[in-house]
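Asks: Before we start, here is the structure in question, set down as C-alpha coordinates.
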Amino acid sequence: MIGWKHGDLLDLNDLTREDIETVIETAKAFKEVSTRDIKKVPALRGKTVVMLFAEPSTRTRISFELAAKRLSADTLNVTVSTSSTQKGETLLDMAKNIEAMNVDMIIVRHKSAGVPQVLARALKPGVINAGDGCRAHPTQALLDMFTIQEKLGRIEGLKVAIIGDILHSRVARSDIDGLVKMGAHVTLCGPSTLMPPGIERQGVGVTYKLDDVLPESDVLMFLRLQKERQEEKYLPSIREYVQHFGLTTERLKRAKKDVLVMHPGPVNRGVELSAEVADGINSVILEQVTNGVAVRMAILYLLFGKKEKVS
Amino acid sequence: MQNSRIMDKETIRRSLMRLAHEILEKNKGVQDLCLVGIRTGGAILADRLQKCIKEIEGFDVPMGVLDITLYRDDLTIANTQPVLRETLISFDITDKKVILVDDVLFTGRTIRAALDALTDFGRPANIQLAVLIDRGHRELPIRADYVGKNIPTAIDEDVRVVLQETEKKEDEVVIKKRGDK
(Lines give C-alpha, C1' and ligand atoms only; values in the text may rest on other atoms or scores of the structure.)
Protein backbone atom coordinates (compact mmCIF):
# COMPACT_ATOMS: atom_id res chain seq x y z
CA MET A 1 0.00 0.00 0.00
CA ILE A 2 1.13 3.50 -0.72
CA GLY A 3 0.74 6.55 1.46
CA TRP A 4 -1.29 8.76 -0.86
CA LYS A 5 -3.41 11.20 1.17
CA HIS A 6 -4.90 13.60 -1.33
CA GLY A 7 -8.50 13.77 -2.50
CA ASP A 8 -7.91 16.84 -4.69
CA LEU A 9 -5.06 17.95 -6.92
CA LEU A 10 -4.95 21.73 -6.82
CA ASP A 11 -1.32 22.72 -6.76
CA LEU A 12 2.05 21.00 -6.73
CA ASN A 13 2.81 22.83 -3.48
CA ASP A 14 0.45 20.41 -1.76
CA LEU A 15 2.45 17.36 -2.85
CA THR A 16 5.56 16.03 -1.15
CA ARG A 17 8.50 14.66 -3.03
CA GLU A 18 7.29 11.14 -2.21
CA ASP A 19 3.87 11.98 -3.66
CA ILE A 20 5.47 13.11 -6.92
CA GLU A 21 7.54 9.92 -7.03
CA THR A 22 4.34 7.90 -6.48
CA VAL A 23 2.66 9.64 -9.41
CA ILE A 24 5.65 8.98 -11.68
CA GLU A 25 5.84 5.34 -10.61
CA THR A 26 2.08 4.81 -11.08
CA ALA A 27 2.08 6.57 -14.46
CA LYS A 28 4.71 4.13 -15.67
CA ALA A 29 2.23 1.28 -15.21
CA PHE A 30 -0.58 3.21 -16.89
CA LYS A 31 1.53 3.99 -19.93
CA GLU A 32 1.40 0.32 -20.83
CA VAL A 33 -2.42 0.29 -20.79
CA SER A 34 -2.52 2.80 -23.66
CA THR A 35 -0.35 0.54 -25.82
CA ARG A 36 -2.78 -2.37 -25.63
CA ASP A 37 -5.26 -3.40 -28.27
CA ILE A 38 -8.02 -2.94 -25.72
CA LYS A 39 -7.08 0.35 -24.11
CA LYS A 40 -9.35 0.13 -21.14
CA VAL A 41 -9.20 -1.15 -17.59
CA PRO A 42 -12.20 -1.35 -15.26
CA ALA A 43 -10.64 0.48 -12.29
CA LEU A 44 -13.10 3.41 -12.20
CA ARG A 45 -16.18 1.64 -13.52
CA GLY A 46 -19.34 3.48 -12.51
CA LYS A 47 -17.57 6.72 -11.51
CA THR A 48 -18.56 10.00 -13.11
CA VAL A 49 -15.97 12.60 -13.99
CA VAL A 50 -17.14 16.07 -15.01
CA MET A 51 -14.91 18.40 -16.96
CA LEU A 52 -15.76 21.98 -16.25
CA PHE A 53 -13.77 24.06 -18.70
CA ALA A 54 -14.23 27.81 -18.59
CA GLU A 55 -11.31 28.48 -20.88
CA PRO A 56 -10.61 27.02 -24.31
CA SER A 57 -8.49 23.89 -24.27
CA THR A 58 -8.22 21.05 -26.69
CA ARG A 59 -5.20 19.04 -25.69
CA THR A 60 -5.67 19.05 -21.93
CA ARG A 61 -9.37 18.30 -22.21
CA ILE A 62 -8.84 15.43 -24.65
CA SER A 63 -6.03 14.09 -22.50
CA PHE A 64 -8.16 14.10 -19.33
CA GLU A 65 -11.12 12.64 -21.17
CA LEU A 66 -9.06 9.80 -22.62
CA ALA A 67 -7.49 9.14 -19.25
CA ALA A 68 -10.89 8.89 -17.54
CA LYS A 69 -12.36 6.76 -20.32
CA ARG A 70 -9.44 4.34 -20.33
CA LEU A 71 -10.14 3.81 -16.64
CA SER A 72 -13.81 3.10 -17.50
CA ALA A 73 -15.17 6.23 -15.83
CA ASP A 74 -18.05 8.09 -17.48
CA THR A 75 -17.13 11.59 -18.57
CA LEU A 76 -19.16 14.69 -19.12
CA ASN A 77 -18.02 17.91 -20.77
CA VAL A 78 -19.31 21.25 -19.63
CA THR A 79 -18.06 24.23 -21.58
CA VAL A 80 -18.86 27.08 -19.31
CA SER A 81 -18.94 29.90 -21.87
CA THR A 82 -21.71 28.20 -23.84
CA SER A 83 -23.84 27.35 -20.87
CA SER A 84 -25.52 28.88 -17.93
CA THR A 85 -22.93 31.40 -16.77
CA GLN A 86 -24.27 33.42 -19.66
CA LYS A 87 -27.60 33.36 -17.90
CA GLY A 88 -25.99 34.95 -14.87
CA GLU A 89 -25.49 31.81 -12.83
CA THR A 90 -22.26 31.78 -10.84
CA LEU A 91 -19.70 29.09 -11.40
CA LEU A 92 -20.13 27.90 -7.84
CA ASP A 93 -23.89 27.54 -8.27
CA MET A 94 -23.35 25.59 -11.40
CA ALA A 95 -20.81 23.34 -9.68
CA LYS A 96 -23.24 22.78 -6.80
CA ASN A 97 -25.86 21.68 -9.28
CA ILE A 98 -23.44 19.25 -10.85
CA GLU A 99 -22.56 17.98 -7.39
CA ALA A 100 -26.26 17.46 -6.63
CA MET A 101 -26.33 14.98 -9.51
CA ASN A 102 -23.86 12.80 -7.61
CA VAL A 103 -20.72 13.09 -9.66
CA ASP A 104 -17.45 11.84 -8.22
CA MET A 105 -14.75 14.10 -9.61
CA ILE A 106 -14.64 17.57 -11.13
CA ILE A 107 -11.81 18.65 -13.39
CA VAL A 108 -11.74 22.41 -13.68
CA ARG A 109 -9.99 24.96 -15.84
CA HIS A 110 -10.61 28.63 -15.28
CA LYS A 111 -9.02 31.93 -16.24
CA SER A 112 -9.07 33.13 -12.63
CA ALA A 113 -6.46 31.86 -10.20
CA GLY A 114 -7.88 30.11 -7.14
CA VAL A 115 -11.14 28.83 -8.64
CA PRO A 116 -10.19 25.16 -8.13
CA GLN A 117 -9.46 25.89 -4.44
CA VAL A 118 -12.85 27.55 -4.00
CA LEU A 119 -14.62 24.59 -5.59
CA ALA A 120 -12.62 22.05 -3.59
CA ARG A 121 -13.58 23.72 -0.31
CA ALA A 122 -17.25 23.98 -1.24
CA LEU A 123 -17.85 20.61 -2.88
CA LYS A 124 -17.84 16.99 -1.86
CA PRO A 125 -16.44 15.48 -5.08
CA GLY A 126 -12.68 15.59 -5.65
CA VAL A 127 -11.35 18.51 -7.68
CA ILE A 128 -8.49 18.45 -10.17
CA ASN A 129 -6.98 21.71 -11.32
CA ALA A 130 -6.52 21.63 -15.09
CA GLY A 131 -5.07 25.14 -15.10
CA ASP A 132 -6.17 28.24 -13.21
CA GLY A 133 -5.18 31.65 -14.52
CA CYS A 134 -1.46 32.28 -14.29
CA ARG A 135 -1.25 30.22 -11.13
CA ALA A 136 -0.88 26.48 -11.55
CA HIS A 137 -1.17 23.62 -13.97
CA PRO A 138 -0.13 20.66 -11.84
CA THR A 139 -0.78 17.80 -14.28
CA GLN A 140 1.37 19.49 -16.94
CA ALA A 141 4.27 19.73 -14.49
CA LEU A 142 3.79 16.10 -13.46
CA LEU A 143 3.85 14.90 -17.06
CA ASP A 144 6.95 17.03 -17.69
CA MET A 145 8.68 15.41 -14.73
CA PHE A 146 7.54 11.95 -15.80
CA THR A 147 8.99 12.58 -19.27
CA ILE A 148 12.32 13.79 -17.85
CA GLN A 149 12.53 10.81 -15.49
CA GLU A 150 11.71 8.43 -18.33
CA LYS A 151 14.19 9.93 -20.77
CA LEU A 152 17.10 10.75 -18.46
CA GLY A 153 16.51 8.27 -15.62
CA ARG A 154 16.50 10.94 -12.92
CA ILE A 155 15.47 14.48 -12.05
CA GLU A 156 17.70 15.22 -9.08
CA GLY A 157 20.81 17.19 -9.99
CA LEU A 158 19.72 17.91 -13.57
CA LYS A 159 20.04 21.40 -14.99
CA VAL A 160 16.70 22.53 -16.34
CA ALA A 161 16.13 25.84 -18.13
CA ILE A 162 12.60 27.21 -18.48
CA ILE A 163 12.47 29.72 -21.30
CA GLY A 164 9.86 32.30 -22.27
CA ASP A 165 7.01 34.21 -20.68
CA ILE A 166 7.50 33.14 -17.08
CA LEU A 167 5.27 35.93 -15.74
CA HIS A 168 2.05 34.69 -17.31
CA SER A 169 2.81 30.99 -17.26
CA ARG A 170 1.01 28.61 -14.90
CA VAL A 171 3.01 25.81 -16.50
CA ALA A 172 6.26 27.48 -15.45
CA ARG A 173 4.99 28.04 -11.92
CA SER A 174 4.03 24.41 -11.44
CA ASP A 175 7.18 23.14 -13.12
CA ILE A 176 9.29 25.30 -10.80
CA ASP A 177 7.46 23.96 -7.74
CA GLY A 178 7.88 20.35 -8.82
CA LEU A 179 11.39 20.44 -10.22
CA VAL A 180 12.85 22.33 -7.25
CA LYS A 181 11.18 19.85 -4.90
CA MET A 182 12.69 16.98 -6.86
CA GLY A 183 16.19 18.45 -6.57
CA ALA A 184 16.73 19.82 -10.08
CA HIS A 185 18.67 23.04 -10.68
CA VAL A 186 16.22 25.33 -12.42
CA THR A 187 17.18 28.46 -14.33
CA LEU A 188 14.55 30.78 -15.75
CA CYS A 189 15.26 32.63 -18.94
CA GLY A 190 13.20 35.28 -20.69
CA PRO A 191 12.77 39.00 -21.33
CA SER A 192 12.99 41.05 -18.14
CA THR A 193 9.45 42.37 -18.73
CA LEU A 194 8.13 38.80 -18.55
CA MET A 195 10.13 37.74 -15.49
CA PRO A 196 8.25 37.89 -12.17
CA PRO A 197 10.18 40.08 -9.72
CA GLY A 198 11.61 38.21 -6.74
CA ILE A 199 11.18 34.80 -8.31
CA GLU A 200 14.74 33.89 -7.21
CA ARG A 201 13.33 33.34 -3.74
CA GLN A 202 11.79 30.11 -5.05
CA GLY A 203 15.25 28.63 -5.35
CA VAL A 204 15.79 29.21 -9.03
CA GLY A 205 18.37 31.08 -11.10
CA VAL A 206 17.42 33.88 -13.50
CA THR A 207 19.05 34.92 -16.75
CA TYR A 208 18.03 37.11 -19.64
CA LYS A 209 20.19 35.42 -22.25
CA LEU A 210 19.38 32.05 -23.77
CA ASP A 211 23.03 31.58 -24.69
CA ASP A 212 23.93 31.62 -20.97
CA VAL A 213 21.96 28.45 -20.24
CA LEU A 214 22.31 26.61 -23.55
CA PRO A 215 25.66 24.84 -23.09
CA GLU A 216 25.07 23.46 -19.60
CA SER A 217 21.37 22.52 -19.61
CA ASP A 218 20.15 18.92 -19.63
CA VAL A 219 16.60 20.02 -20.35
CA LEU A 220 15.29 23.05 -22.23
CA MET A 221 11.63 23.75 -21.53
CA PHE A 222 10.07 26.34 -23.79
CA LEU A 223 6.83 28.11 -22.94
CA ARG A 224 4.23 29.18 -25.42
CA LEU A 225 4.38 32.89 -26.21
CA GLN A 226 0.94 34.45 -26.36
CA LYS A 227 1.01 36.83 -29.30
CA GLU A 228 -1.13 39.33 -27.34
CA ARG A 229 1.90 40.11 -25.19
CA GLN A 230 3.17 42.40 -27.94
CA GLU A 231 -0.07 44.40 -27.98
CA GLU A 232 0.10 44.56 -24.20
CA LYS A 233 3.56 46.19 -24.59
CA TYR A 234 5.51 43.46 -22.88
CA LEU A 235 7.55 42.95 -26.04
CA PRO A 236 8.83 45.35 -28.67
CA SER A 237 8.18 42.79 -31.38
CA ILE A 238 7.81 39.05 -31.89
CA ARG A 239 10.79 39.17 -34.26
CA GLU A 240 13.03 40.53 -31.55
CA TYR A 241 11.79 37.87 -29.12
CA VAL A 242 12.66 35.16 -31.64
CA GLN A 243 16.14 36.59 -32.09
CA HIS A 244 16.82 36.40 -28.38
CA PHE A 245 14.83 33.41 -27.17
CA GLY A 246 13.85 31.30 -30.16
CA LEU A 247 15.60 27.96 -30.57
CA THR A 248 16.94 27.25 -34.04
CA THR A 249 19.04 24.40 -35.38
CA GLU A 250 22.02 26.75 -35.40
CA ARG A 251 21.56 27.65 -31.75
CA LEU A 252 20.87 24.06 -30.71
CA LYS A 253 24.44 23.19 -31.79
CA ARG A 254 25.66 25.05 -28.70
CA ALA A 255 23.61 22.83 -26.40
CA LYS A 256 24.48 19.36 -25.11
CA LYS A 257 24.15 16.74 -27.83
CA ASP A 258 21.41 14.80 -26.03
CA VAL A 259 19.59 17.79 -24.48
CA LEU A 260 15.80 17.35 -24.14
CA VAL A 261 13.73 20.01 -25.88
CA MET A 262 10.29 20.26 -24.28
CA HIS A 263 7.22 22.40 -24.88
CA PRO A 264 3.75 22.17 -23.33
CA GLY A 265 2.15 22.88 -26.72
CA PRO A 266 0.79 24.15 -28.92
CA VAL A 267 4.08 25.34 -30.44
CA ASN A 268 4.22 28.63 -32.33
CA ARG A 269 6.48 27.32 -35.06
CA GLY A 270 9.13 29.86 -35.88
CA VAL A 271 8.68 31.63 -32.55
CA GLU A 272 9.70 29.52 -29.52
CA LEU A 273 11.12 26.78 -31.72
CA SER A 274 11.94 26.59 -35.38
CA ALA A 275 10.05 23.87 -37.24
CA GLU A 276 13.22 21.76 -37.61
CA VAL A 277 13.88 21.87 -33.88
CA ALA A 278 10.25 21.14 -32.97
CA ASP A 279 10.39 18.00 -35.13
CA GLY A 280 14.06 17.22 -34.48
CA ILE A 281 15.67 14.36 -32.58
CA ASN A 282 16.05 16.33 -29.35
CA SER A 283 12.36 17.18 -29.22
CA VAL A 284 10.17 15.09 -26.92
CA ILE A 285 7.07 17.23 -27.43
CA LEU A 286 4.84 14.44 -28.71
CA GLU A 287 6.06 12.07 -26.04
CA GLN A 288 4.97 14.68 -23.49
CA VAL A 289 1.50 14.41 -25.01
CA THR A 290 1.55 10.60 -24.85
CA ASN A 291 2.76 10.71 -21.25
CA GLY A 292 0.06 13.23 -20.36
CA VAL A 293 -2.61 10.56 -20.68
CA ALA A 294 -0.66 8.12 -18.48
CA VAL A 295 -0.01 10.76 -15.82
CA ARG A 296 -3.66 11.84 -15.75
CA MET A 297 -4.75 8.22 -15.43
CA ALA A 298 -2.37 7.90 -12.49
CA ILE A 299 -3.78 11.04 -10.86
CA LEU A 300 -7.39 9.91 -11.26
CA TYR A 301 -6.54 6.48 -9.92
CA LEU A 302 -4.70 7.86 -6.90
CA LEU A 303 -7.32 10.50 -6.06
CA PHE A 304 -10.16 7.99 -6.24
CA GLY A 305 -8.28 5.74 -3.85
CA LYS A 306 -8.46 8.39 -1.19
CA LYS A 307 -12.09 8.86 -0.29
CA GLU A 308 -12.10 11.50 2.38
CA LYS A 309 -11.19 14.97 1.27
CA VAL A 310 -8.59 16.94 3.15
CA SER A 311 -9.79 20.39 2.23
CA MET B 1 -0.37 -19.81 18.02
CA GLN B 2 3.08 -20.49 16.68
CA ASN B 3 4.05 -19.99 13.10
CA SER B 4 4.30 -23.31 11.38
CA ARG B 5 6.50 -23.86 8.41
CA ILE B 6 4.76 -26.12 5.95
CA MET B 7 7.18 -26.05 3.02
CA ASP B 8 10.89 -25.37 2.78
CA LYS B 9 13.24 -24.59 -0.07
CA GLU B 10 13.57 -28.19 -1.22
CA THR B 11 9.87 -29.08 -1.07
CA ILE B 12 9.03 -25.92 -3.03
CA ARG B 13 11.62 -26.82 -5.66
CA ARG B 14 10.28 -30.37 -6.01
CA SER B 15 6.69 -29.16 -6.13
CA LEU B 16 7.46 -26.74 -8.94
CA MET B 17 9.28 -29.44 -10.87
CA ARG B 18 6.26 -31.74 -10.49
CA LEU B 19 3.92 -28.93 -11.61
CA ALA B 20 6.10 -28.41 -14.70
CA HIS B 21 5.84 -32.13 -15.50
CA GLU B 22 2.07 -32.12 -15.00
CA ILE B 23 1.65 -29.05 -17.21
CA LEU B 24 3.70 -30.66 -19.97
CA GLU B 25 1.91 -33.99 -19.61
CA LYS B 26 -1.56 -32.51 -19.79
CA ASN B 27 -0.70 -30.19 -22.69
CA LYS B 28 1.33 -32.84 -24.52
CA GLY B 29 4.47 -30.72 -24.70
CA VAL B 30 5.25 -27.04 -25.17
CA GLN B 31 3.27 -26.38 -28.37
CA ASP B 32 1.31 -23.06 -27.98
CA LEU B 33 2.05 -23.01 -24.28
CA CYS B 34 2.77 -19.79 -22.38
CA LEU B 35 3.05 -18.74 -18.74
CA VAL B 36 1.54 -15.65 -17.14
CA GLY B 37 2.43 -14.92 -13.53
CA ILE B 38 0.37 -12.67 -11.28
CA ARG B 39 2.48 -10.03 -9.52
CA THR B 40 4.38 -10.42 -7.32
CA GLY B 41 4.62 -14.00 -6.06
CA GLY B 42 3.05 -15.61 -9.11
CA ALA B 43 5.45 -13.81 -11.43
CA ILE B 44 8.45 -15.26 -9.61
CA LEU B 45 6.94 -18.74 -9.66
CA ALA B 46 6.14 -18.42 -13.38
CA ASP B 47 9.76 -17.52 -13.97
CA ARG B 48 10.87 -20.61 -12.07
CA LEU B 49 8.37 -22.83 -13.89
CA GLN B 50 9.76 -21.51 -17.16
CA LYS B 51 13.21 -22.68 -16.07
CA CYS B 52 11.83 -26.10 -14.99
CA ILE B 53 10.16 -26.54 -18.38
CA LYS B 54 13.39 -25.55 -20.12
CA GLU B 55 15.21 -28.18 -18.08
CA ILE B 56 12.74 -30.87 -19.14
CA GLU B 57 12.02 -29.93 -22.75
CA GLY B 58 14.96 -27.68 -23.65
CA PHE B 59 12.56 -24.94 -24.76
CA ASP B 60 11.81 -21.46 -23.40
CA VAL B 61 8.03 -21.02 -23.29
CA PRO B 62 6.95 -17.35 -23.43
CA MET B 63 6.44 -15.82 -19.99
CA GLY B 64 4.51 -12.68 -19.06
CA VAL B 65 3.69 -10.77 -15.89
CA LEU B 66 0.24 -9.52 -15.02
CA ASP B 67 -0.68 -6.77 -12.54
CA ILE B 68 -4.34 -7.26 -11.64
CA THR B 69 -4.70 -4.19 -9.42
CA LEU B 70 -6.93 -2.31 -11.87
CA TYR B 71 -9.31 -5.26 -12.13
CA ARG B 72 -9.84 -5.81 -8.41
CA ASP B 73 -13.38 -5.67 -7.07
CA ASP B 74 -12.31 -3.90 -3.87
CA LEU B 75 -10.36 -1.08 -5.48
CA THR B 76 -12.10 1.89 -3.95
CA ILE B 77 -13.01 0.13 -0.73
CA ALA B 78 -9.39 -0.08 0.31
CA ASN B 79 -8.40 3.14 2.00
CA THR B 80 -5.19 3.56 0.07
CA GLN B 81 -4.52 2.22 -3.37
CA PRO B 82 -2.21 -0.72 -3.86
CA VAL B 83 1.04 0.05 -5.62
CA LEU B 84 0.45 -0.34 -9.31
CA ARG B 85 3.12 -1.97 -11.41
CA GLU B 86 3.56 -2.66 -15.07
CA THR B 87 1.93 -5.52 -16.89
CA LEU B 88 4.48 -7.08 -19.22
CA ILE B 89 3.03 -9.49 -21.75
CA SER B 90 5.12 -9.08 -24.88
CA PHE B 91 3.47 -11.85 -26.91
CA ASP B 92 0.00 -12.37 -28.32
CA ILE B 93 -2.00 -14.75 -26.11
CA THR B 94 -4.72 -15.32 -28.73
CA ASP B 95 -5.08 -19.06 -29.45
CA LYS B 96 -2.39 -19.86 -26.87
CA LYS B 97 -2.74 -22.21 -23.93
CA VAL B 98 -2.16 -19.84 -21.04
CA ILE B 99 -0.96 -21.20 -17.72
CA LEU B 100 -1.91 -18.58 -15.14
CA VAL B 101 0.41 -18.81 -12.14
CA ASP B 102 -0.17 -17.57 -8.60
CA ASP B 103 1.37 -18.35 -5.24
CA VAL B 104 -1.70 -18.86 -3.03
CA LEU B 105 -5.27 -19.68 -4.12
CA PHE B 106 -7.68 -18.37 -1.46
CA THR B 107 -11.03 -16.66 -2.18
CA GLY B 108 -10.55 -16.84 -5.94
CA ARG B 109 -11.12 -13.11 -6.38
CA THR B 110 -7.59 -12.45 -7.60
CA ILE B 111 -8.02 -15.14 -10.23
CA ARG B 112 -11.36 -13.67 -11.31
CA ALA B 113 -9.61 -10.32 -11.79
CA ALA B 114 -6.76 -11.99 -13.66
CA LEU B 115 -9.20 -13.72 -16.03
CA ASP B 116 -10.80 -10.37 -16.82
CA ALA B 117 -7.40 -8.81 -17.39
CA LEU B 118 -6.26 -11.65 -19.66
CA THR B 119 -9.31 -11.41 -21.87
CA ASP B 120 -8.39 -7.77 -22.52
CA PHE B 121 -5.13 -9.00 -24.02
CA GLY B 122 -6.64 -11.51 -26.42
CA ARG B 123 -8.66 -14.69 -26.71
CA PRO B 124 -6.59 -17.64 -25.53
CA ALA B 125 -7.40 -21.20 -26.63
CA ASN B 126 -7.72 -21.96 -22.95
CA ILE B 127 -6.56 -20.73 -19.56
CA GLN B 128 -5.31 -23.14 -16.91
CA LEU B 129 -4.45 -22.27 -13.35
CA ALA B 130 -1.32 -23.36 -11.49
CA VAL B 131 -0.80 -22.44 -7.83
CA LEU B 132 1.80 -23.34 -5.27
CA ILE B 133 -0.69 -23.44 -2.38
CA ASP B 134 -4.44 -24.03 -2.32
CA ARG B 135 -5.70 -22.99 1.10
CA GLY B 136 -9.46 -23.30 0.49
CA HIS B 137 -12.19 -20.79 1.47
CA ARG B 138 -13.29 -20.04 -2.08
CA GLU B 139 -15.85 -17.27 -2.60
CA LEU B 140 -16.18 -17.84 -6.34
CA PRO B 141 -16.55 -20.98 -8.48
CA ILE B 142 -12.84 -21.22 -9.33
CA ARG B 143 -10.46 -24.18 -9.01
CA ALA B 144 -6.82 -24.81 -9.85
CA ASP B 145 -5.66 -27.27 -12.52
CA TYR B 146 -2.25 -27.74 -10.91
CA VAL B 147 -1.64 -27.50 -7.17
CA GLY B 148 1.73 -27.67 -5.42
CA LYS B 149 0.21 -28.38 -2.03
CA ASN B 150 -3.29 -28.36 -0.57
CA ILE B 151 -3.31 -26.85 2.91
CA PRO B 152 -6.50 -26.79 4.99
CA THR B 153 -6.50 -23.51 6.91
CA ALA B 154 -8.70 -21.57 9.27
CA ILE B 155 -10.12 -18.34 7.86
CA ASP B 156 -8.20 -16.24 10.38
CA GLU B 157 -4.85 -17.69 9.41
CA ASP B 158 -2.45 -16.15 6.90
CA VAL B 159 -0.43 -18.21 4.49
CA ARG B 160 2.84 -16.54 3.61
CA VAL B 161 4.95 -17.64 0.68
CA VAL B 162 8.48 -16.34 1.13
CA LEU B 163 10.55 -16.34 -2.05
CA GLN B 164 14.21 -15.42 -2.02
CA GLU B 165 13.92 -13.20 -5.12
CA THR B 166 11.88 -10.62 -3.18
CA GLU B 167 12.50 -11.33 0.47
CA LYS B 168 16.24 -11.93 0.36
CA LYS B 169 15.84 -14.97 2.53
CA GLU B 170 15.44 -18.66 1.91
CA ASP B 171 12.23 -19.94 0.33
CA GLU B 172 9.54 -21.18 2.67
CA VAL B 173 5.80 -21.31 3.22
CA VAL B 174 4.51 -20.51 6.71
CA ILE B 175 1.08 -20.31 8.30
CA LYS B 176 0.49 -17.71 10.96
CA LYS B 177 -2.44 -16.55 12.98
CA ARG B 178 -3.67 -13.20 11.66
CA GLY B 179 -2.35 -10.31 13.69
CA ASP B 180 0.87 -12.09 14.68
CA LYS B 181 4.00 -10.53 13.35
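A note on labels: chains of the C-alpha coordinates are A, B, ... as shown, every chain counts residues from 1, and ligands are counted from 1 in their shown order.
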Would you kindly return, as JSON, numbers by chain, each protein, DNA or RNA residue with an atom no farther than 8 Å from any atom of stretch 259-266 of chain A, considering only C-alpha atoms and excluding same-chain residues fewer than 3 positions away?

Replies: {"A": [140, 171, 217, 218, 219, 220, 221, 222, 223, 224, 255, 256, 278, 282, 283, 284, 285, 288]}

Asks: Could you list, as a PyMOL selection string, every residue within 8 Å of A:Asp11, counting only C-alpha atoms and ignoring same-chain residues fewer than 5 positions away?

Replies: chain A and resi 129+136-138+174

Asks: Go ahead and save the residues from that selection, with N, CA and C atoms, as a CSV table (one decimal), in the first residue's frame.

Replies:
```csv
chain,number,residue,atom,x,y,z
A,129,ASN,N,-7.3,20.4,-10.7
A,129,ASN,CA,-7.0,21.7,-11.3
A,129,ASN,C,-6.3,21.4,-12.7
A,136,ALA,N,-1.4,27.9,-11.6
A,136,ALA,CA,-0.9,26.5,-11.5
A,136,ALA,C,-1.5,25.6,-12.6
A,137,HIS,N,-0.7,24.6,-13.0
A,137,HIS,CA,-1.2,23.6,-14.0
A,137,HIS,C,-0.5,22.3,-13.6
A,138,PRO,N,-0.9,21.8,-12.4
A,138,PRO,CA,-0.1,20.7,-11.8
A,138,PRO,C,0.1,19.4,-12.7
A,174,SER,N,4.1,25.8,-12.0
A,174,SER,CA,4.0,24.4,-11.4
A,174,SER,C,5.3,23.6,-11.7
```

Asks: I want to know what sits within 10 Å of B:Thr166, based on only C-alpha atoms, with residues of the same chain fewer than 2 positions away left out; could you give that as a list of chain:residue names?

Replies: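 The residues satisfying every condition are B:Thr40, B:Gly41, B:Ile44, B:Val162, B:Leu163, B:Gln164, B:Lys168, B:Lys169, B:Asp171.
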
Asks: From the set B:Asp32, B:Glu157, B:Asp73, B:Asp120, which residue has the shortest atom-to-atom contact distance to B:Lys97, counting only C-alpha atoms?

Replies: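 Closest to B:Lys97, using only C-alpha atoms: B:Asp32.
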
Asks: If we count only C-alpha atoms, what is near stretch 239-246 of chain A at a cut-off of 7 Å, once residues fewer than 3 positions away on the same chain are taken out, given as a count of residues only?

Replies: 5

Asks: Enumerate the residues of stretch 79-260 of chain A with a DSSP assignment of alpha helix (DSSP H), computed from the backbone, and present them as a ChimeraX atom specification.

Replies: /A:91-100,115-122,138-152,170-181,210-213,228-231,238-245,249-252
